[in-house]
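Just upload-v4.pdb here, PDB, C-alpha atoms:
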ATOM      1  CA  PRO A  41       1.242  12.182  37.717
ATOM      2  CA  SER A  42      -1.241   9.807  39.314
ATOM      3  CA  PRO A  43      -4.667   9.481  37.632
ATOM      4  CA  LEU A  44      -6.180   9.272  41.116
ATOM      5  CA  PRO A  45      -8.205  10.746  42.550
ATOM      6  CA  ALA A  46     -10.508  11.108  39.567
ATOM      7  CA  SER A  47     -13.147  13.791  39.580
ATOM      8  CA  THR A  48     -16.819  13.264  38.837
ATOM      9  CA  ALA A  49     -16.282  15.362  35.713
ATOM     10  CA  THR A  50     -13.636  12.890  34.520
ATOM     11  CA  VAL A  51     -16.007   9.985  35.182
ATOM     12  CA  LEU A  52     -18.729  11.720  33.163
ATOM     13  CA  ARG A  53     -16.343  12.246  30.252
ATOM     14  CA  TYR A  54     -15.459   8.546  30.429
ATOM     15  CA  LEU A  55     -19.142   7.610  30.428
ATOM     16  CA  GLY A  56     -19.734  10.018  27.564
ATOM     17  CA  ASP A  57     -17.112   8.201  25.508
ATOM     18  CA  ILE A  58     -18.830   4.904  26.221
ATOM     19  CA  GLY A  59     -22.141   6.452  25.223
ATOM     20  CA  VAL A  60     -20.778   7.779  21.922
ATOM     21  CA  ARG A  61     -19.243   4.412  21.019
ATOM     22  CA  GLY A  62     -22.445   2.620  21.967
ATOM     23  CA  THR A  63     -20.583  -0.357  23.410
ATOM     24  CA  VAL A  64     -22.411  -0.583  26.760
ATOM     25  CA  LYS A  65     -26.084  -0.229  27.614
ATOM     26  CA  ALA A  66     -27.024   2.245  30.317
ATOM     27  CA  ASP A  67     -28.348  -0.454  32.622
ATOM     28  CA  SER A  68     -25.007  -2.288  32.369
ATOM     29  CA  LEU A  69     -22.836   0.606  33.567
ATOM     30  CA  GLN A  70     -22.853  -0.279  37.268
ATOM     31  CA  PRO A  71     -19.868  -2.684  37.183
ATOM     32  CA  TYR A  72     -17.771   0.068  35.572
ATOM     33  CA  LEU A  73     -18.828   2.622  38.186
ATOM     34  CA  SER A  74     -18.316   0.163  41.029
ATOM     35  CA  ALA A  75     -14.773  -0.604  39.855
ATOM     36  CA  ILE A  76     -13.906   3.108  39.796
ATOM     37  CA  ASN A  77     -15.337   3.631  43.254
ATOM     38  CA  ALA A  78     -13.650   0.513  44.628
ATOM     39  CA  ALA A  79     -10.231   1.738  43.494
ATOM     40  CA  HIS A  80     -10.818   5.028  45.280
ATOM     41  CA  ARG A  81     -12.251   3.371  48.376
ATOM     42  CA  ASP A  82      -9.164   1.165  48.709
ATOM     43  CA  LEU A  83      -7.006   4.295  48.803
ATOM     44  CA  MET A  84      -9.458   6.062  51.150
ATOM     45  CA  LEU A  85     -10.240   8.682  48.501
ATOM     46  CA  PRO A  86     -13.614  10.327  47.768
ATOM     47  CA  LEU A  87     -15.822   8.230  45.503
ATOM     48  CA  PRO A  88     -16.238  10.046  42.180
ATOM     49  CA  ALA A  89     -18.735   7.750  40.432
ATOM     50  CA  LEU A  90     -21.659   8.662  42.654
ATOM     51  CA  GLY A  91     -24.136  11.491  42.918
ATOM     52  CA  ASP A  92     -26.867  13.274  41.040
ATOM     53  CA  ALA A  93     -24.779  14.078  37.950
ATOM     54  CA  VAL A  94     -23.899  10.422  37.396
ATOM     55  CA  SER A  95     -27.517   9.343  37.950
ATOM     56  CA  ARG A  96     -28.827  11.940  35.511
ATOM     57  CA  PHE A  97     -26.271  10.883  32.909
ATOM     58  CA  ARG A  98     -27.354   7.252  33.193
ATOM     59  CA  ARG A  99     -31.027   8.197  32.804
ATOM     60  CA  GLY A 100     -30.235  10.359  29.776
ATOM     61  CA  LEU A 101     -28.152   7.627  28.154
ATOM     62  CA  ALA A 102     -30.932   5.108  28.759
ATOM     63  CA  ASN A 103     -33.492   7.377  27.093
ATOM     64  CA  ARG A 104     -31.182   7.881  24.135
ATOM     65  CA  GLN A 105     -30.564   4.159  23.737
ATOM     66  CA  VAL A 106     -34.232   3.135  23.880
ATOM     67  CA  ALA A 107     -34.767   4.165  20.281
ATOM     68  CA  ALA A 108     -31.250   3.583  18.986
ATOM     69  CA  TRP A 109     -30.429   0.228  20.590
ATOM     70  CA  ARG A 110     -31.733  -2.763  18.743
ATOM     71  CA  PRO A 111     -30.627  -6.309  19.550
ATOM     72  CA  ALA A 112     -28.618  -7.862  16.753
ATOM     73  CA  ALA A 113     -30.582 -10.362  14.703
ATOM     74  CA  ARG A 114     -29.065 -13.829  14.904
ATOM     75  CA  VAL A 115     -28.542 -15.113  11.371
ATOM     76  CA  TYR A 116     -27.126 -18.243   9.787
ATOM     77  CA  LEU A 117     -23.380 -18.790   9.485
ATOM     78  CA  PRO A 118     -22.330 -18.978   5.805
ATOM     79  CA  ALA A 119     -20.654 -22.183   4.674
ATOM     80  CA  ARG A 120     -17.695 -20.204   3.314
ATOM     81  CA  VAL A 121     -16.701 -19.247   6.872
ATOM     82  CA  VAL A 122     -16.676 -22.886   7.968
ATOM     83  CA  CYS A 123     -14.708 -23.826   4.847
ATOM     84  CA  SER A 124     -12.122 -21.193   5.773
ATOM     85  CA  ALA A 125     -11.851 -22.675   9.268
ATOM     86  CA  LEU A 126     -11.466 -26.144   7.760
ATOM     87  CA  ARG A 127      -8.694 -25.014   5.413
ATOM     88  CA  TRP A 128      -6.822 -23.271   8.207
ATOM     89  CA  ALA A 129      -7.028 -26.316  10.498
ATOM     90  CA  LEU A 130      -5.751 -28.627   7.758
ATOM     91  CA  GLN A 131      -2.893 -26.337   6.780
ATOM     92  CA  ALA A 132      -1.738 -25.274  10.249
ATOM     93  CA  THR A 133       1.810 -26.444  10.936
ATOM     94  CA  PRO A 134       2.425 -28.690  13.967
ATOM     95  CA  SER A 135       4.678 -26.043  15.504
ATOM     96  CA  SER A 136       1.775 -23.578  15.484
ATOM     97  CA  LEU A 137      -0.540 -25.901  17.433
ATOM     98  CA  VAL A 138       0.772 -25.007  20.878
ATOM     99  CA  GLY A 139      -0.613 -22.655  23.481
ATOM    100  CA  ASP A 140      -3.245 -20.413  21.887
ATOM    101  CA  GLY A 141      -2.741 -22.319  18.625
ATOM    102  CA  ALA A 142      -3.997 -25.511  20.281
ATOM    103  CA  LEU A 143      -7.085 -23.689  21.594
ATOM    104  CA  LEU A 144      -7.780 -22.309  18.133
ATOM    105  CA  PHE A 145      -7.302 -25.746  16.537
ATOM    106  CA  ARG A 146      -9.793 -27.296  18.954
ATOM    107  CA  ALA A 147     -12.250 -24.461  18.273
ATOM    108  CA  ALA A 148     -11.971 -24.939  14.506
ATOM    109  CA  VAL A 149     -12.495 -28.702  14.789
ATOM    110  CA  ALA A 150     -15.580 -28.192  16.954
ATOM    111  CA  LEU A 151     -17.035 -25.611  14.575
ATOM    112  CA  VAL A 152     -16.526 -27.764  11.479
ATOM    113  CA  LEU A 153     -17.776 -30.977  13.075
ATOM    114  CA  ASN A 154     -20.872 -29.408  14.596
ATOM    115  CA  TYR A 155     -21.638 -27.674  11.299
ATOM    116  CA  VAL A 156     -21.616 -30.850   9.208
ATOM    117  CA  TRP A 157     -23.445 -32.651  12.016
ATOM    118  CA  PHE A 158     -26.247 -30.025  12.224
ATOM    119  CA  ALA A 159     -25.645 -30.359  15.960
ATOM    120  CA  ARG A 160     -27.501 -28.590  18.724
ATOM    121  CA  ALA A 161     -25.188 -26.819  21.171
ATOM    122  CA  ASP A 162     -26.088 -29.154  24.037
ATOM    123  CA  THR A 163     -25.316 -32.199  21.876
ATOM    124  CA  GLY A 164     -22.151 -30.866  20.275
ATOM    125  CA  ALA A 165     -20.545 -29.594  23.475
ATOM    126  CA  THR A 166     -21.028 -32.887  25.295
ATOM    127  CA  LEU A 167     -19.710 -35.168  22.539
ATOM    128  CA  ARG A 168     -17.677 -38.036  24.037
ATOM    129  CA  CYS A 169     -15.000 -40.119  22.401
ATOM    130  CA  CYS A 170     -17.337 -43.115  22.409
ATOM    131  CA  ASP A 171     -19.964 -41.101  20.498
ATOM    132  CA  ILE A 172     -17.907 -40.835  17.320
ATOM    133  CA  ASP A 173     -16.071 -43.337  15.116
ATOM    134  CA  THR A 174     -13.849 -42.166  12.251
ATOM    135  CA  SER A 175     -12.374 -45.541  11.266
ATOM    136  CA  ASP A 176     -14.685 -45.938   8.244
ATOM    137  CA  GLY A 177     -16.161 -42.618   7.249
ATOM    138  CA  ILE A 178     -17.765 -40.769  10.166
ATOM    139  CA  ALA A 179     -20.312 -42.289  12.524
ATOM    140  CA  LEU A 180     -21.870 -40.083  15.194
ATOM    141  CA  VAL A 181     -24.209 -41.050  18.001
ATOM    142  CA  ASN A 182     -26.793 -38.284  18.230
ATOM    143  CA  VAL A 183     -28.240 -38.201  21.766
ATOM    144  CA  ARG A 184     -31.143 -35.946  22.606
ATOM    145  CA  GLU A 185     -32.988 -35.625  25.900
ATOM    146  CA  LYS A 186     -36.729 -35.289  25.726
ATOM    147  CA  GLY A 187     -38.892 -33.307  28.115
ATOM    148  CA  LYS A 188     -38.602 -33.193  31.872
ATOM    149  CA  SER A 189     -38.331 -36.940  32.257
ATOM    150  CA  HIS A 190     -34.729 -36.772  31.001
ATOM    151  CA  ARG A 191     -35.248 -39.930  29.021
ATOM    152  CA  ALA A 192     -32.694 -39.884  26.231
ATOM    153  CA  SER A 193     -33.072 -41.272  22.739
ATOM    154  CA  SER A 194     -30.184 -41.822  20.383
ATOM    155  CA  ARG A 195     -29.523 -42.693  16.775
ATOM    156  CA  VAL A 196     -26.386 -43.161  14.724
ATOM    157  CA  ILE A 197     -25.691 -40.736  11.899
ATOM    158  CA  ARG A 198     -23.333 -42.173   9.278
ATOM    159  CA  ILE A 199     -21.352 -40.178   6.727
ATOM    160  CA  PRO A 200     -19.861 -42.637   4.186
ATOM    161  CA  ARG A 201     -16.115 -42.743   3.659
ATOM    162  CA  GLY A 202     -15.076 -40.256   1.006
ATOM    163  CA  ALA A 203     -18.266 -38.178   1.217
ATOM    164  CA  LEU A 204     -16.470 -35.461   3.208
ATOM    165  CA  PRO A 205     -12.780 -36.280   2.732
ATOM    166  CA  ASP A 206     -11.432 -33.012   4.133
ATOM    167  CA  VAL A 207     -13.571 -33.346   7.258
ATOM    168  CA  GLU A 208     -12.331 -36.923   7.692
ATOM    169  CA  ARG A 209      -8.742 -35.691   7.364
ATOM    170  CA  LEU A 210      -9.405 -32.989   9.922
ATOM    171  CA  LEU A 211     -10.847 -35.411  12.473
ATOM    172  CA  HIS A 212      -7.967 -37.846  11.963
ATOM    173  CA  ARG A 213      -5.543 -34.988  12.471
ATOM    174  CA  TRP A 214      -7.342 -33.855  15.614
ATOM    175  CA  GLU A 215      -7.399 -37.359  17.074
ATOM    176  CA  ALA A 216      -3.678 -37.799  16.409
ATOM    177  CA  PHE A 217      -2.983 -34.409  17.990
ATOM    178  CA  ARG A 218      -5.194 -35.079  20.997
ATOM    179  CA  GLY A 219      -3.958 -38.617  21.540
ATOM    180  CA  SER A 220      -5.769 -41.653  22.904
ATOM    181  CA  ARG A 221      -8.521 -40.815  25.390
ATOM    182  CA  PRO A 222     -10.903 -42.832  27.596
ATOM    183  CA  ALA A 223     -14.213 -43.620  25.898
ATOM    184  CA  GLU A 224     -16.242 -41.459  28.289
ATOM    185  CA  SER A 225     -14.015 -38.397  28.082
ATOM    186  CA  SER A 226     -14.859 -35.334  26.014
ATOM    187  CA  TYR A 227     -13.998 -35.598  22.336
ATOM    188  CA  PHE A 228     -12.809 -31.987  22.432
ATOM    189  CA  ALA A 229     -10.491 -32.270  25.434
ATOM    190  CA  LEU A 230      -6.971 -31.052  24.727
ATOM    191  CA  PRO A 231      -3.945 -33.260  25.432
ATOM    192  CA  GLY A 232      -3.612 -33.600  29.194
ATOM    193  CA  GLU A 233      -7.010 -32.001  29.851
ATOM    194  CA  LEU A 234      -9.369 -34.002  32.065
ATOM    195  CA  ARG A 235     -12.929 -33.765  30.804
ATOM    196  CA  THR A 236     -15.220 -36.513  32.048
ATOM    197  CA  ALA A 237     -19.008 -36.719  32.172
ATOM    198  CA  GLN A 238     -18.870 -34.907  35.514
ATOM    199  CA  ARG A 239     -16.811 -32.061  34.016
ATOM    200  CA  ARG A 240     -18.222 -31.861  30.536
ATOM    201  CA  PHE A 241     -18.211 -28.681  28.498
ATOM    202  CA  ARG A 242     -21.263 -26.469  28.766
ATOM    203  CA  PRO A 243     -23.147 -25.621  25.545
ATOM    204  CA  ALA A 244     -22.137 -21.947  25.814
ATOM    205  CA  VAL A 245     -18.513 -22.921  25.170
ATOM    206  CA  LEU A 246     -19.355 -23.405  21.490
ATOM    207  CA  ASP A 247     -20.126 -19.684  21.238
ATOM    208  CA  ASP A 248     -16.723 -18.889  22.747
ATOM    209  CA  TRP A 249     -14.965 -21.267  20.374
ATOM    210  CA  MET A 250     -16.805 -19.861  17.369
ATOM    211  CA  GLN A 251     -15.805 -16.310  18.279
ATOM    212  CA  LEU A 252     -12.195 -17.450  18.636
ATOM    213  CA  VAL A 253     -12.259 -18.805  15.089
ATOM    214  CA  LEU A 254     -14.071 -15.771  13.673
ATOM    215  CA  VAL A 255     -11.542 -13.362  15.157
ATOM    216  CA  HIS A 256      -8.648 -15.394  13.763
ATOM    217  CA  LEU A 257     -10.212 -15.494  10.301
ATOM    218  CA  GLY A 258     -11.116 -11.816  10.405
ATOM    219  CA  GLU A 259     -14.794 -12.633   9.912
ATOM    220  CA  ARG A 260     -17.715 -10.808  11.450
ATOM    221  CA  ALA A 261     -21.460 -10.843  10.970
ATOM    222  CA  PRO A 262     -23.022  -8.062   8.877
ATOM    223  CA  LEU A 263     -23.927  -4.848  10.687
ATOM    224  CA  GLY A 264     -26.957  -5.328  12.936
ATOM    225  CA  GLN A 265     -26.636  -9.117  12.844
ATOM    226  CA  SER A 266     -24.805 -11.705  14.933
ATOM    227  CA  TRP A 267     -23.466 -15.244  14.703
ATOM    228  CA  SER A 268     -23.783 -17.734  17.539
ATOM    229  CA  SER A 269     -23.384 -21.491  17.831
ATOM    230  CA  HIS A 270     -27.009 -21.848  16.734
ATOM    231  CA  SER A 271     -26.085 -19.908  13.589
ATOM    232  CA  ALA A 272     -23.900 -22.857  12.607
ATOM    233  CA  ARG A 273     -26.861 -25.225  12.756
ATOM    234  CA  LYS A 274     -29.022 -22.797  10.795
ATOM    235  CA  GLY A 275     -26.216 -22.248   8.307
ATOM    236  CA  ALA A 276     -25.736 -25.950   7.724
ATOM    237  CA  ALA A 277     -29.448 -26.466   7.108
ATOM    238  CA  SER A 278     -29.669 -23.426   4.831
ATOM    239  CA  SER A 279     -26.604 -24.466   2.818
ATOM    240  CA  ALA A 280     -27.856 -28.041   2.469
ATOM    241  CA  ASN A 281     -31.242 -26.812   1.335
ATOM    242  CA  ALA A 282     -29.630 -24.448  -1.181
ATOM    243  CA  VAL A 283     -27.931 -27.355  -2.972
ATOM    244  CA  GLY A 284     -31.019 -29.563  -2.855
ATOM    245  CA  ALA A 285     -29.874 -31.952  -0.141
ATOM    246  CA  SER A 286     -32.555 -33.880   1.688
ATOM    247  CA  LEU A 287     -33.038 -32.792   5.289
ATOM    248  CA  ALA A 288     -35.190 -35.783   6.185
TER     249      ALA A 288
END
Structure encoded using structure tokens:
Amino acid sequence: PSPLPASTATVLRYLGDIGVRGTVKADSLQPYLSAINAAHRDLMLPLPALGDAVSRFRRGLANRQVAAWRPAARVYLPARVVCSALRWALQATPSSLVGDGALLFRAAVALVLNYVWFARADTGATLRCCDIDTSDGIALVNVREKGKSHRASSRVIRIPRGALPDVERLLHRWEAFRGSRPAESSYFALPGELRTAQRRFRPAVLDDWMQLVLVHLGERAPLGQSWSSHSARKGAASSANAVGASLA
């Protein structure tokens, strides 16, 4: 039997399930309701996700969520998670680095590199091939824009050869996998992917890549907390401080 047309009662039961699971805020329900109505409108059927009952449900859910809904606190990413990503990326077989495997490999490389670099999202996402040299240790050009004048300052951060041998191995493996690229192209571009200064990655992509790695590793932040790309920077600083490393 066809699930259409749906009744308003069915829509309310669907919304009730969402409310019980707590996965969607009341003020974010409209796209769900619009999709239901659009499917009915296309078939010239009565629209079930409208009316007083639906409005009253949304108001009731909003009142219930005011006290219960608390934004997750963004906390630092533990070093052990990054170490797990590093181990996976070093041990992954070449045959596994195709399709989704290639996307995951890139995500792991970006997470590890930005962690040891203490990188801001806007700096890490826009890293170019000419900004990094792995021929003798790791040398990174750290570029940061200041204020509204958009005047950029840069400095070179050097990690001596042998200081982070597994990270060096990972970057060498990534560069061999990715192949030779123009100096101005993105360091994180996949083989055959065109990423120039005009089409550079946006900072938000680091959040997407981190989540990709976390899902693969089966890692998740503690209840009521969250991990974002900024958590990697906080985690690196916290871990360095915990072992007495100078942050100057």
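Excluding Ala165 of chain A itself and any same-chain residue fewer than 2 positions from it, the protein and nucleic acid residues within 6 Å of it, counting only C-alpha atoms, are Ala161, Asp162, Thr163, Leu167, Phe241 and Pro243 of chain A.
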Report task. Can you turn the PyMOL selection byres ((chain A and resi 160) around 10) into a concrete residue list for this file, as a list of chain:residue names? Result -> A:Asn154, A:Tyr155, A:Trp157, A:Phe158, A:Ala159, A:Ala161, A:Asp162, A:Thr163, A:Gly164, A:Ala165, A:Asn182, A:Arg184, A:Pro243, A:Ser269, A:His270, A:Ala272, A:Arg273, A:Lys274
Requested in this report: Could you tell me which of A:Leu69, A:Val94, A:Ala119, A:Leu246 comes closest to Ala282 of chain A if we count all atoms listed in the file?
Outcome: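 Nearest candidate to Ala282 of chain A out of A:Leu69, A:Val94, A:Ala119, A:Leu246: A:Ala119.
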Query - Top pick for closest residue to Pro86 of chain A, considering A:Lys65, A:Leu117, A:Val138, A:Thr48 and counting only C-alpha atoms - result: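 Closest to Pro86 of chain A, using only C-alpha atoms: A:Thr48.
Distances here use all atoms listed in the file; by that measure, the residue among A:Ala125, A:Ile197, A:Ala148, A:Ala79 closest to Asp248 of chain A is A:Ala148.
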Report as an mmCIF file with C-alpha atoms, in the frame of the given file the full result of the PyMOL selection byres ((chain A and resi 257-265) around 12) when it is applied to this structure.
data_model
loop_
_atom_site.group_PDB
_atom_site.id
_atom_site.type_symbol
_atom_site.label_atom_id
_atom_site.label_comp_id
_atom_site.auth_asym_id
_atom_site.auth_seq_id
_atom_site.Cartn_x
_atom_site.Cartn_y
_atom_site.Cartn_z
ATOM 1 C CA ALA A 108 -31.250 3.583 18.986
ATOM 2 C CA TRP A 109 -30.429 0.228 20.590
ATOM 3 C CA ARG A 110 -31.733 -2.763 18.743
ATOM 4 C CA PRO A 111 -30.627 -6.309 19.550
ATOM 5 C CA ALA A 112 -28.618 -7.862 16.753
ATOM 6 C CA ALA A 113 -30.582 -10.362 14.703
ATOM 7 C CA ARG A 114 -29.065 -13.829 14.904
ATOM 8 C CA VAL A 115 -28.542 -15.113 11.371
ATOM 9 C CA TYR A 116 -27.126 -18.243 9.787
ATOM 10 C CA LEU A 117 -23.380 -18.790 9.485
ATOM 11 C CA PRO A 118 -22.330 -18.978 5.805
ATOM 12 C CA ARG A 120 -17.695 -20.204 3.314
ATOM 13 C CA VAL A 121 -16.701 -19.247 6.872
ATOM 14 C CA VAL A 122 -16.676 -22.886 7.968
ATOM 15 C CA CYS A 123 -14.708 -23.826 4.847
ATOM 16 C CA SER A 124 -12.122 -21.193 5.773
ATOM 17 C CA ALA A 125 -11.851 -22.675 9.268
ATOM 18 C CA LEU A 126 -11.466 -26.144 7.760
ATOM 19 C CA ARG A 127 -8.694 -25.014 5.413
ATOM 20 C CA TRP A 128 -6.822 -23.271 8.207
ATOM 21 C CA ALA A 129 -7.028 -26.316 10.498
ATOM 22 C CA LEU A 144 -7.780 -22.309 18.133
ATOM 23 C CA ALA A 148 -11.971 -24.939 14.506
ATOM 24 C CA MET A 250 -16.805 -19.861 17.369
ATOM 25 C CA GLN A 251 -15.805 -16.310 18.279
ATOM 26 C CA LEU A 252 -12.195 -17.450 18.636
ATOM 27 C CA VAL A 253 -12.259 -18.805 15.089
ATOM 28 C CA LEU A 254 -14.071 -15.771 13.673
ATOM 29 C CA VAL A 255 -11.542 -13.362 15.157
ATOM 30 C CA HIS A 256 -8.648 -15.394 13.763
ATOM 31 C CA SER A 266 -24.805 -11.705 14.933
ATOM 32 C CA TRP A 267 -23.466 -15.244 14.703
ATOM 33 C CA SER A 268 -23.783 -17.734 17.539
ATOM 34 C CA SER A 271 -26.085 -19.908 13.589
#
Requested in this report: Can you pull out every residue within 12 Å of Pro134 of chain A, counting only C-alpha atoms, but drop anything in the same chain fewer than 3 positions away, and send it as a list in words?
Outcome: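 Skipping anything fewer than 3 positions along the chain leaves Ala129, Leu130, Gln131, Leu137, Val138, Gly139, Gly141, Ala142, Phe145, Arg213, Trp214, Ala216 and Phe217 of chain A.
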Report summary line: The residue from A:Val245, A:Met84, A:Val64, A:Val196 with the smallest atom-to-atom distance to Ala147 of chain A, counting only C-alpha atoms, is A:Val245
Report task. Dump as number ranges by chain all residues having an atom at most 12 Å from (-17.6, -41.2, 11.8), computed in the file's coordinates with only C-alpha atoms. Result -> A: 153, 156-157, 169-182, 196-205, 207-212
Residues just named, written with C-alpha atoms as a short mmCIF file (atom, residue, chain, number, x, y, z; two decimals), keeping the file's coordinate frame:
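Result file selection16.cif:
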data_model
loop_
_atom_site.label_atom_id
_atom_site.label_comp_id
_atom_site.auth_asym_id
_atom_site.auth_seq_id
_atom_site.Cartn_x
_atom_site.Cartn_y
_atom_site.Cartn_z
CA LEU A 153 -17.78 -30.98 13.08
CA VAL A 156 -21.62 -30.85 9.21
CA TRP A 157 -23.44 -32.65 12.02
CA CYS A 169 -15.00 -40.12 22.40
CA CYS A 170 -17.34 -43.12 22.41
CA ASP A 171 -19.96 -41.10 20.50
CA ILE A 172 -17.91 -40.84 17.32
CA ASP A 173 -16.07 -43.34 15.12
CA THR A 174 -13.85 -42.17 12.25
CA SER A 175 -12.37 -45.54 11.27
CA ASP A 176 -14.68 -45.94 8.24
CA GLY A 177 -16.16 -42.62 7.25
CA ILE A 178 -17.76 -40.77 10.17
CA ALA A 179 -20.31 -42.29 12.52
CA LEU A 180 -21.87 -40.08 15.19
CA VAL A 181 -24.21 -41.05 18.00
CA ASN A 182 -26.79 -38.28 18.23
CA VAL A 196 -26.39 -43.16 14.72
CA ILE A 197 -25.69 -40.74 11.90
CA ARG A 198 -23.33 -42.17 9.28
CA ILE A 199 -21.35 -40.18 6.73
CA PRO A 200 -19.86 -42.64 4.19
CA ARG A 201 -16.11 -42.74 3.66
CA GLY A 202 -15.08 -40.26 1.01
CA ALA A 203 -18.27 -38.18 1.22
CA LEU A 204 -16.47 -35.46 3.21
CA PRO A 205 -12.78 -36.28 2.73
CA VAL A 207 -13.57 -33.35 7.26
CA GLU A 208 -12.33 -36.92 7.69
CA ARG A 209 -8.74 -35.69 7.36
CA LEU A 210 -9.40 -32.99 9.92
CA LEU A 211 -10.85 -35.41 12.47
CA HIS A 212 -7.97 -37.85 11.96
#
**Report entry** Between atom CA of Arg81 of chain A and atom CA of Thr63 of chain A, distance in Å (one decimal)
**Finding:**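 Result for atom CA of Arg81 of chain A versus atom CA of Thr63 of chain A: 26.6 Å, one decimal.
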**Report entry** Residue nearest Leu90 of chain A among A:Ala46, A:Ile58, A:Ala280, A:Ala102 (counting all atoms listed in the file)
**Finding:**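 Among the listed residues, the smallest separation from Leu90 of chain A belongs to A:Ala46.
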Could you rebuild segment 195-201 of chain A with all heavy atoms and give me the result as a PDB file, in the frame of the given file?
ATOM      1  N   ARG A 195     -29.600 -42.047  18.074  1.00  0.00           N
ATOM      2  CA  ARG A 195     -29.523 -42.693  16.775  1.00  0.00           C
ATOM      3  C   ARG A 195     -28.133 -42.436  16.219  1.00  0.00           C
ATOM      4  O   ARG A 195     -27.465 -41.473  16.597  1.00  0.00           O
ATOM      5  CB  ARG A 195     -30.585 -42.173  15.819  1.00  0.00           C
ATOM      6  CG  ARG A 195     -30.484 -40.693  15.514  1.00  0.00           C
ATOM      7  CD  ARG A 195     -31.573 -40.251  14.564  1.00  0.00           C
ATOM      8  NE  ARG A 195     -31.524 -38.824  14.304  1.00  0.00           N
ATOM      9  CZ  ARG A 195     -31.670 -38.293  13.099  1.00  0.00           C
ATOM     10  NH1 ARG A 195     -31.846 -39.081  12.052  1.00  0.00           N
ATOM     11  NH2 ARG A 195     -31.638 -36.990  12.922  1.00  0.00           N
ATOM     12  N   VAL A 196     -27.712 -43.292  15.320  1.00  0.00           N
ATOM     13  CA  VAL A 196     -26.386 -43.161  14.724  1.00  0.00           C
ATOM     14  C   VAL A 196     -26.515 -42.483  13.369  1.00  0.00           C
ATOM     15  O   VAL A 196     -27.318 -42.906  12.526  1.00  0.00           O
ATOM     16  CB  VAL A 196     -25.707 -44.538  14.565  1.00  0.00           C
ATOM     17  CG1 VAL A 196     -24.356 -44.379  13.875  1.00  0.00           C
ATOM     18  CG2 VAL A 196     -25.538 -45.199  15.929  1.00  0.00           C
ATOM     19  N   ILE A 197     -25.741 -41.449  13.174  1.00  0.00           N
ATOM     20  CA  ILE A 197     -25.691 -40.736  11.899  1.00  0.00           C
ATOM     21  C   ILE A 197     -24.399 -41.152  11.201  1.00  0.00           C
ATOM     22  O   ILE A 197     -23.309 -40.991  11.762  1.00  0.00           O
ATOM     23  CB  ILE A 197     -25.718 -39.219  12.117  1.00  0.00           C
ATOM     24  CG1 ILE A 197     -27.014 -38.809  12.827  1.00  0.00           C
ATOM     25  CG2 ILE A 197     -25.566 -38.477  10.795  1.00  0.00           C
ATOM     26  CD1 ILE A 197     -27.058 -37.368  13.233  1.00  0.00           C
ATOM     27  N   ARG A 198     -24.511 -41.681   9.991  1.00  0.00           N
ATOM     28  CA  ARG A 198     -23.333 -42.173   9.278  1.00  0.00           C
ATOM     29  C   ARG A 198     -23.060 -41.313   8.039  1.00  0.00           C
ATOM     30  O   ARG A 198     -23.957 -41.055   7.243  1.00  0.00           O
ATOM     31  CB  ARG A 198     -23.523 -43.628   8.867  1.00  0.00           C
ATOM     32  CG  ARG A 198     -23.703 -44.564  10.056  1.00  0.00           C
ATOM     33  CD  ARG A 198     -23.695 -46.017   9.632  1.00  0.00           C
ATOM     34  NE  ARG A 198     -23.958 -46.893  10.764  1.00  0.00           N
ATOM     35  CZ  ARG A 198     -23.020 -47.285  11.623  1.00  0.00           C
ATOM     36  NH1 ARG A 198     -21.770 -46.883  11.447  1.00  0.00           N
ATOM     37  NH2 ARG A 198     -23.332 -48.079  12.635  1.00  0.00           N
ATOM     38  N   ILE A 199     -21.822 -40.891   7.916  1.00  0.00           N
ATOM     39  CA  ILE A 199     -21.352 -40.178   6.727  1.00  0.00           C
ATOM     40  C   ILE A 199     -20.373 -41.124   6.034  1.00  0.00           C
ATOM     41  O   ILE A 199     -19.315 -41.435   6.582  1.00  0.00           O
ATOM     42  CB  ILE A 199     -20.665 -38.858   7.102  1.00  0.00           C
ATOM     43  CG1 ILE A 199     -21.639 -37.959   7.888  1.00  0.00           C
ATOM     44  CG2 ILE A 199     -20.160 -38.147   5.857  1.00  0.00           C
ATOM     45  CD1 ILE A 199     -21.012 -36.683   8.413  1.00  0.00           C
ATOM     46  N   PRO A 200     -20.703 -41.620   4.841  1.00  0.00           N
ATOM     47  CA  PRO A 200     -19.861 -42.637   4.186  1.00  0.00           C
ATOM     48  C   PRO A 200     -18.437 -42.128   3.943  1.00  0.00           C
ATOM     49  O   PRO A 200     -18.202 -40.929   3.767  1.00  0.00           O
ATOM     50  CB  PRO A 200     -20.587 -42.895   2.853  1.00  0.00           C
ATOM     51  CG  PRO A 200     -21.988 -42.427   3.085  1.00  0.00           C
ATOM     52  CD  PRO A 200     -21.893 -41.285   4.043  1.00  0.00           C
ATOM     53  N   ARG A 201     -17.512 -43.079   3.936  1.00  0.00           N
ATOM     54  CA  ARG A 201     -16.115 -42.743   3.659  1.00  0.00           C
ATOM     55  C   ARG A 201     -16.016 -42.072   2.288  1.00  0.00           C
ATOM     56  O   ARG A 201     -16.589 -42.524   1.313  1.00  0.00           O
ATOM     57  CB  ARG A 201     -15.246 -43.996   3.679  1.00  0.00           C
ATOM     58  CG  ARG A 201     -13.783 -43.709   3.317  1.00  0.00           C
ATOM     59  CD  ARG A 201     -12.983 -44.981   3.221  1.00  0.00           C
ATOM     60  NE  ARG A 201     -12.805 -45.614   4.517  1.00  0.00           N
ATOM     61  CZ  ARG A 201     -12.096 -46.743   4.710  1.00  0.00           C
ATOM     62  NH1 ARG A 201     -11.531 -47.346   3.675  1.00  0.00           N
ATOM     63  NH2 ARG A 201     -11.987 -47.252   5.913  1.00  0.00           N
TER      64      ARG A 201
END
